[in-house]
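Trainee: Here it is, the structure in full.
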Amino acid sequence: MTAYELMIKANHYLIKGGELTAAHKENITTQLLAAKSTPQQAQRRFTKLKGGERDMYPFLYVLPYNGGIKLNTIFDQEPQTQILSMNMYELEIIRLLSVFNPDDPEIQDMVKQVLGRLKKTCFGNRGCGTGECYDAGLITLRFLSSTAPEEKLWITDQINCYNNHIAEKKRSKYYGRQYARYYMWYYWLCLSELPIELAKPEILRHKEELFSSAHESMLVNSEKDQVFNTVRLSALRNCLSRLSEYEYLQEYQPYVSEYDGRLHLI
C-alpha cells in the first residue's frame with residue numbers, strides 16, 4: 001500500500017467514526033515517515049521553480065513525476081492542478097502524523113516547516129479564491145485545525161475566504177453543481193474538526209444548508225459510490241452533530257435504503 005492509499009484509508013476510517021489502537025497508529029506513522037521525500041527528490045522535482053513559485057508546492061512529501069497524473073482528494077475530487085493535488089498529498093499525510101504523534105520532534109519540525117511555507121502562499125494565507133487555490137485553502141484550513149489550533153486569526157482568515165468566494169464558485173461553469181459539492185463537503189469536514197468556538201458560529205451560519213444536505217440521498221451505483229458517499233455523509237453528520245439540537249445524529253450511520261437503493265443518513 002502506498003503512502004497515498006494509506007492516508008486515504010486512515011482518513012476514511014476515522015471520519016466514519018472508527019478508532020485506531022496505539023499499535024495501528026504506530027504502524028501508520030512508521031509507513032508514512034518512510035515515504036518522506038529526500039532533499040534530492042524534492043530538488044529534482046522542482047528544478048525550474050524559483051522564489052514564490054517554489055513555496056506553492058511541497059518539499060517534504062513530493063509526488064514522483066508520473067506523466068502529470070494527479071491524485072484525487074479524500075472525497076475523490078479529481079484535481080485539475082498540481083497545486084491542489086500535491087498540497088493535498090503533503091498536508092494530509094503530515095496532518096495524520098501530527099494527530100497520531102504530536103510530541104514527536106521530527107514531526108513537530110515538519111509541521112513547523114509546512115506552516116512556514118503556507119504563510120507565503122496565496123491559498124494558505126492571502127484569501128485567494130481563484131480556481132483550485134480555493135480548494136487548497138480548505139486543505140490548509142483542515143491542516144491548521146489539527147496542527148495549529150492556537151492560530152485563531154489565521155484560521156478565521158481561511159474561513160472568511162471560504163465564505164467570501166463561495167457564491168462565485170457556485171455560479172462558475174468551471175465548478176458546476178457536482179464539482180462544487182466537493183469543496184462543500186470538505187468545508188463540512190473542516191467544521192467537524194475545528195475548535196468548537198470557531199466552528200459553532202459557522203455551523204449555525206450554514207445550518208439550513210447542512211440540514212438540507214443531511215436529508216439528501218446519494219447514489220450507490222458502484223462500490224466506489226458507496227465508499228466515498230458514506231464518507232461524505234459521515235463528515236456531514238460529524239459537523240451537524242456538534243450542535244446540541246442535532247447531537248443525536250452522532251449515533252446515525254449512512255445506510256442503503258431497501259426502498260430506493262440510495263444512500264441515506266436521515
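Convention: chains lettered A, B, ... in C-alpha cells order; per-chain residue numbering from 1; ligands numbered from 1 as shown.
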Set the distance at 12 Å and use only C-alpha atoms: which residues neighbour segment 32-40 of chain A once local chain neighbours fewer than 3 positions away are removed? I'd like the list as a ChimeraX atom specification.

Mentor: /A:1-8,10,25-29,43-47,58-64,89-90,92-98,100-101,104,106-107,110

Trainee: List as a list of chain:residue names the protein and nucleic acid residues near segment 115-118 of chain A, meaning an atom at most 9 Å away when only C-alpha atoms are counted, but skip any in the same chain fewer than 4 places from it.

Mentor: A:Asp55, A:Met56, A:Tyr57, A:Pro58, A:Met110, A:Val111, A:Cys122, A:Phe123, A:Gly124, A:Asn125, A:Thr140, A:Leu144, A:Thr147, A:Ala148

Trainee: Find the nearest atom pair between each residue of segment 10-85 of chain A and segment 222-238 of chain A for residues within 7 Å, count only C-alpha atoms, give distances in Å to one decimal, sort rows by chain and ascending number, and present the table as CSV.

Mentor:
residue,atom,partner,partner_atom,distance
A:His12,CA,A:Val231,CA,6.1
A:Ile15,CA,A:Ala235,CA,6.1
A:Lys16,CA,A:Ser234,CA,5.4
A:Phe75,CA,A:Phe228,CA,6.0
A:Asp76,CA,A:Phe228,CA,7.0

Trainee: Record the distance separating atom CA of Trp154 of chain A and atom CA of Arg126 of chain A, expressed in Å with one decimal.

Mentor: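 Atom CA of Arg126 of chain A lies at a distance of 9.7 Å from atom CA of Trp154 of chain A.
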
Trainee: Using only C-alpha atoms, which residues of segment 136-187 of chain A come within 10 Å of segment 191-199 of chain A, and what is the closest atom pair for each, with the distance in Å to one decimal? Give it as CSV, sorted by chain and residue number.

Mentor:
residue,atom,partner,partner_atom,distance
A:Leu141,CA,A:Leu194,CA,8.7
A:Arg142,CA,A:Leu194,CA,7.6
A:Phe143,CA,A:Leu194,CA,9.8
A:Leu144,CA,A:Leu194,CA,8.6
A:Ser145,CA,A:Leu194,CA,5.1
A:Ser146,CA,A:Leu194,CA,7.6
A:Pro149,CA,A:Pro195,CA,6.8
A:Glu150,CA,A:Pro195,CA,9.1
A:Lys152,CA,A:Leu198,CA,7.9
A:Ile155,CA,A:Leu198,CA,8.4
A:Thr156,CA,A:Leu198,CA,7.6
A:Ile159,CA,A:Leu198,CA,9.1
A:Trp185,CA,A:Leu191,CA,9.9
A:Tyr186,CA,A:Leu191,CA,8.7
A:Tyr187,CA,A:Leu191,CA,6.2

Trainee: Please produce a file of those selected residues containing C-alpha atoms, as a CSV table (one decimal), in the first residue's frame.

Mentor:
chain,number,residue,atom,x,y,z
A,141,LEU,CA,-7.8,25.1,6.9
A,142,ARG,CA,-8.0,21.4,7.9
A,143,PHE,CA,-4.3,21.3,8.4
A,144,LEU,CA,-4.3,24.3,10.7
A,145,SER,CA,-7.2,22.9,12.7
A,146,SER,CA,-5.1,19.9,13.8
A,149,PRO,CA,-5.4,25.4,16.6
A,150,GLU,CA,-4.0,28.3,18.5
A,152,LYS,CA,-7.2,31.6,15.5
A,155,ILE,CA,-7.9,30.0,10.8
A,156,THR,CA,-10.5,32.8,10.7
A,159,ILE,CA,-12.9,30.6,7.0
A,185,TRP,CA,-18.1,18.5,1.7
A,186,TYR,CA,-14.5,19.5,2.6
A,187,TYR,CA,-15.7,22.6,4.4

Trainee: So, with only C-alpha atoms as the atoms that count, which of A:Arg181, A:Lys170, A:His215, A:His206 lies closest to Leu263 of chain A?

Mentor: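 Selected residue with least distance to Leu263 of chain A: A:His215.
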
Trainee: Restricting the calculation to only C-alpha atoms, which member of A:Ala167, A:Ala42, A:Leu219, A:Val114 is positioned closest to Gly129 of chain A?

Mentor: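 Checking each candidate against Gly129 of chain A, we get A:Ala167 as the closest.
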